[in-house]
Every structure is written in structure tokens, then in C-alpha cells.
Amino acid sequence: MYTFNPGPSAVYPAVRQYLTDAFDEGWLSAPHRSEKVTSLVRQTVTDLKTKLNVPQDYTVLFTGSATECWEILAQSLTPRRSFHLYNGDFGEKWLKYAQALRPASTGLSFGLDEVPDIAALPFSADDTDLVCITQNETSTATQLREGFILNLFNRLNGTLLAVDATSSLAGLNLKYIKADVWFGSVQKCFGLPAGLGVMILSPRAVAQAKAVNDRAHYNALPAMLSQMLNYQTNYTPNVLGIYLLSRVLADREPIKTVHQHLVDRAEKLYAFFDQATPLQPFVTNPETRSTTVVGLKGDAALIEEIKGKAKEAGLQLGSGYGPLKNTTVRIANFPAVPDAAFEALVQFFAKEYPG
């Protein structure tokens, strides 16, 4: 069975061996303050920066999930308010969570085929601590591209920029220097089981965390940063998750190669579904279509039929999300999904629904 679920999604086949090795090598009961584990964390951070092209002066932290990062950012980087730009459920949930902790936070929604006008965004750098965007909105299969992020960053005039890159981190060659906070989870483009989040901070973000000096929470950034100086965490970490991440990073190709592979596959997939097929991309603007999550729309009854037939053929399509649940499917174009799966998917549609 090939799975195209956008999360938790396909894991690399090598994870089976990694898990056996973790057991045999004693990682499941290794003391997290030991040199054994701190050496592992040090090597994992080094490999992550190398393989993903993360600037050397940026700081890597580990969390329980990307969702936890929403809380950390509100607590530790946002003494006043944040501004959120969103066009899907996850971006909107981030705004609502921020408002629960910082009621003055505001946001603006935009359309699936729309590239927002940066000059017209309704926030002031004078009273906004953090501008928040979702680089790849998993729920709507949309994407904010490199040029948009660069132009937004240049407008901020000192205000920090935070990017939720949950379904693109480790899949796309992101330009980390053009934002201050990047975060995601490992159950998507890293090709691993859920249970570990990765947060990447610029020197400016580290400086602001120290200035805000949040000391009221177990996952406050000052404590996390202090512990990471010794490659430790302020809580008992997911040692197994970090070990698996280390193994994946050691084995995978550099991000430029991974990125180009995903771009090529996405172009072929969109070209196929733009033709006479029963499902069509529900994002019509090529500029805003996601590279890593391909969204397709159709009648609810047809969607149900296609998903059933695909499952019988060994293909598990991802369901839509939220209000799009019954009228869309999502196809994860993540690195761990093999080319053979996409070949089988195209053959399935060509056979069952010939144009």
C-alpha cells in the first residue's frame, strides 16, 4: 500500500532498520544528560544545518511538535502582539492560539489563488513583535514562495518574521536567512514518525527571546537556549526521535537535490491533472500551488468512489481538511514517497478514468 497522506505520512523504508539499531544500541534507555545523548544531539544539529543549508549562526531547538512552537512563540517572543497572514485552517488556528495568549494579536485571510499585497498588510512594525506566515498551508495545498517571503522580510523594518514550514521543511530549499523563526514536524518531509518538532532561530530571534526573558513556562525560550548550549533540553527529550532524525539526515541527499526532485514531480502531477481527468487542482493559480501537497477537487460522491477504488489498487489518497474534507483529496509529494507510487497513481487514473 502506497500512502499519499499529508501527515502523518509515508516514512522511509530504512526506518525499520533504524528502529532495530536504536534498540540494539541502547538508545531507548540512554540517560538524556549523558555524553552519549549530547553527542547525538550535537551531531544531529550539525547534520541538519549541513543537509538543509541552515546558516551556521542560527540556533536549532527540538520541541514536541510544530503546534507546540505556536505556544513557545507567543510566550517567549510576543510581549505585545503578533500579526498573522493565512489562507487555511492551520494558519488560522495559529492566529487563534496566539490570541488566546496575546489577545491583541490580529490577522488577515487571503484567497487560495491570491498573492497578498505586502504593502497593504494591516500591521505596524511599531507595535507588532512578530509577523507569522505559513509557508506551505497543508490544509489548502497552497504555498508562499521565496520571492514573497523575501519582500515581506524587507518590509518588516526590525519586526521578527516567523514561518510555519511544517509540510515543506526538509523538502524545499528554504532561504532561512530571510526569516527569523522556522519550524516544522518530522512526520512530513523528513519521512519519520510523528513526535518531534524542529525550531530554527536567527540571531535576532535569540536576542529578542533574551530581552523578553520569559521564565514562566517549562518550554520558555531562554531555558531552551541555555540548555542547548550544552546540546541538552530542559525536559526529557524524544531521544528516539532525535536518533531517527540523525539517521535520516546522514542518509539523505542535500536539500538542493531533494528540492529539485519534488519540483519536477509536482510539475508532472499538476500537468497530468490539468488535463481531462475527473479531478482537477483546486488551486488554479500556478504561483500559489504547493509543491509538496497537491490538492484535487471533485464532487463528493466521486471523491468517495475514487478513494475507494484507489485503496483497492493499493493507493491511499489523503482526505481533504476541514470544510474541504469531502470535496477534495490531498496528495503528499514528500521525499519518502517513492517515484513508483506516483507512477502507480497516474496509471490508476489512466486506467479507471480515461480522458
# chains A, B, ... in the order shown; residues from 1 in each chain; ligands from 1
>>> residues_around(residues="Trp94 of chain A", least_positions_apart="2", cutoff="12 Å", atoms="only C-alpha atoms", output="PyMOL selection string")
chain A and resi 66-74+82-92+96-102+105-107+131-134+137+162-164
>>> closest_atom_pairs(of="segment 281-316 of chain A", to="segment 262-272 of chain A", cutoff="10 Å", atoms="only C-alpha atoms", output="JSON lines")
{"residue": "A:Pro281", "atom": "CA", "partner": "A:Tyr270", "partner_atom": "CA", "distance": 7.1}
{"residue": "A:Pro286", "atom": "CA", "partner": "A:Tyr270", "partner_atom": "CA", "distance": 9.0}
{"residue": "A:Arg289", "atom": "CA", "partner": "A:Tyr270", "partner_atom": "CA", "distance": 9.2}
{"residue": "A:Ser290", "atom": "CA", "partner": "A:Ala266", "partner_atom": "CA", "distance": 8.4}
{"residue": "A:Thr291", "atom": "CA", "partner": "A:Ala266", "partner_atom": "CA", "distance": 5.7}
{"residue": "A:Thr292", "atom": "CA", "partner": "A:Leu262", "partner_atom": "CA", "distance": 7.0}
{"residue": "A:Val293", "atom": "CA", "partner": "A:Ala266", "partner_atom": "CA", "distance": 8.6}
{"residue": "A:Val294", "atom": "CA", "partner": "A:Ala266", "partner_atom": "CA", "distance": 7.5}
{"residue": "A:Gly295", "atom": "CA", "partner": "A:Tyr270", "partner_atom": "CA", "distance": 9.4}
{"residue": "A:Leu296", "atom": "CA", "partner": "A:Tyr270", "partner_atom": "CA", "distance": 9.4}
>>> closest_residue(among="A:Leu108, A:Leu52, A:Ala209, A:Ala194", to="Val11 of chain A", atoms="only C-alpha atoms")
A:Ala194
>>> residues_around(residues="Val283 of chain A", least_positions_apart="4", cutoff="8 Å", atoms="only C-alpha atoms", output="list in words")
Leu112, Asp113, Ala141, Thr142, Thr288, Arg289 and Gly295 of chain A
>>> closest_residue(among="A:Glu25, A:Val15, A:Val41, A:Thr327", to="Asn230 of chain A", atoms="only C-alpha atoms")
A:Val41
>>> decode(residues="segment 74-86 of chain A", atoms="all heavy atoms", output="compact mmCIF listing (two decimals), in the first residue's frame")
# COMPACT_ATOMS: atom_id res chain seq x y z
N ALA A 74 4.39 32.60 21.15
CA ALA A 74 3.50 33.56 21.82
C ALA A 74 4.04 33.93 23.20
O ALA A 74 4.02 35.09 23.61
CB ALA A 74 2.10 32.99 21.92
N GLN A 75 4.54 32.94 23.91
CA GLN A 75 5.03 33.17 25.27
C GLN A 75 6.36 33.93 25.29
O GLN A 75 6.55 34.84 26.11
CB GLN A 75 5.25 31.82 25.98
CG GLN A 75 3.97 31.06 26.26
CD GLN A 75 4.22 29.63 26.68
OE1 GLN A 75 3.31 28.93 27.10
NE2 GLN A 75 5.45 29.16 26.56
N SER A 76 7.26 33.54 24.41
CA SER A 76 8.65 33.97 24.56
C SER A 76 9.13 35.05 23.58
O SER A 76 10.19 35.64 23.79
CB SER A 76 9.58 32.76 24.43
OG SER A 76 9.38 31.84 25.48
N LEU A 77 8.36 35.29 22.52
CA LEU A 77 8.79 36.32 21.55
C LEU A 77 7.74 37.40 21.33
O LEU A 77 7.96 38.31 20.53
CB LEU A 77 9.11 35.67 20.19
CG LEU A 77 10.40 34.85 20.09
CD1 LEU A 77 10.60 34.35 18.66
CD2 LEU A 77 11.62 35.65 20.53
N THR A 78 6.60 37.30 22.02
CA THR A 78 5.49 38.20 21.73
C THR A 78 4.97 38.87 23.00
O THR A 78 3.91 38.50 23.51
CB THR A 78 4.35 37.43 21.02
OG1 THR A 78 4.90 36.58 20.03
CG2 THR A 78 3.35 38.39 20.39
N PRO A 79 5.66 39.84 23.52
CA PRO A 79 5.15 40.52 24.72
C PRO A 79 3.91 41.35 24.46
O PRO A 79 3.10 41.59 25.37
CB PRO A 79 6.33 41.39 25.16
CG PRO A 79 7.14 41.60 23.92
CD PRO A 79 7.00 40.33 23.15
N ARG A 80 3.71 41.81 23.19
CA ARG A 80 2.55 42.64 22.88
C ARG A 80 1.58 41.93 21.94
O ARG A 80 0.51 41.52 22.36
CB ARG A 80 3.02 43.96 22.25
CG ARG A 80 3.86 44.83 23.19
CD ARG A 80 4.50 45.99 22.45
NE ARG A 80 5.41 45.53 21.39
CZ ARG A 80 6.07 46.33 20.57
NH1 ARG A 80 5.91 47.65 20.68
NH2 ARG A 80 6.88 45.84 19.64
N ARG A 81 1.94 41.79 20.69
CA ARG A 81 1.01 41.18 19.74
C ARG A 81 1.77 40.60 18.55
O ARG A 81 2.92 40.97 18.27
CB ARG A 81 0.01 42.22 19.22
CG ARG A 81 0.62 43.25 18.28
CD ARG A 81 -0.43 44.21 17.77
NE ARG A 81 -0.89 45.10 18.82
CZ ARG A 81 -1.96 45.86 18.73
NH1 ARG A 81 -2.73 45.81 17.65
NH2 ARG A 81 -2.31 46.67 19.71
N SER A 82 1.09 39.71 17.84
CA SER A 82 1.60 39.18 16.58
C SER A 82 0.57 39.45 15.49
O SER A 82 -0.61 39.67 15.76
CB SER A 82 1.89 37.68 16.68
OG SER A 82 0.77 36.96 17.16
N PHE A 83 1.04 39.44 14.25
CA PHE A 83 0.17 39.59 13.09
C PHE A 83 0.30 38.34 12.24
O PHE A 83 1.41 37.89 11.94
CB PHE A 83 0.54 40.82 12.27
CG PHE A 83 -0.22 40.92 10.96
CD1 PHE A 83 -1.53 41.35 10.94
CD2 PHE A 83 0.37 40.53 9.77
CE1 PHE A 83 -2.24 41.42 9.75
CE2 PHE A 83 -0.32 40.59 8.57
CZ PHE A 83 -1.63 41.03 8.56
N HIS A 84 -0.85 37.79 11.81
CA HIS A 84 -0.88 36.51 11.11
C HIS A 84 -1.53 36.65 9.74
O HIS A 84 -2.63 37.20 9.60
CB HIS A 84 -1.66 35.48 11.93
CG HIS A 84 -1.05 35.21 13.27
ND1 HIS A 84 -0.44 34.02 13.60
CD2 HIS A 84 -0.94 36.00 14.38
CE1 HIS A 84 0.01 34.07 14.84
NE2 HIS A 84 -0.29 35.28 15.34
N LEU A 85 -0.84 36.13 8.74
CA LEU A 85 -1.34 36.11 7.37
C LEU A 85 -1.64 34.65 7.04
O LEU A 85 -0.76 33.79 7.16
CB LEU A 85 -0.28 36.67 6.42
CG LEU A 85 -0.65 36.92 4.97
CD1 LEU A 85 -1.77 37.95 4.86
CD2 LEU A 85 0.58 37.38 4.20
N TYR A 86 -2.89 34.34 6.64
CA TYR A 86 -3.26 32.93 6.50
C TYR A 86 -4.32 32.74 5.42
O TYR A 86 -5.08 33.65 5.09
CB TYR A 86 -3.78 32.38 7.83
CG TYR A 86 -5.05 33.05 8.32
CD1 TYR A 86 -6.30 32.53 8.01
CD2 TYR A 86 -4.99 34.22 9.07
CE1 TYR A 86 -7.46 33.15 8.45
CE2 TYR A 86 -6.14 34.85 9.51
CZ TYR A 86 -7.38 34.31 9.20
OH TYR A 86 -8.53 34.93 9.63
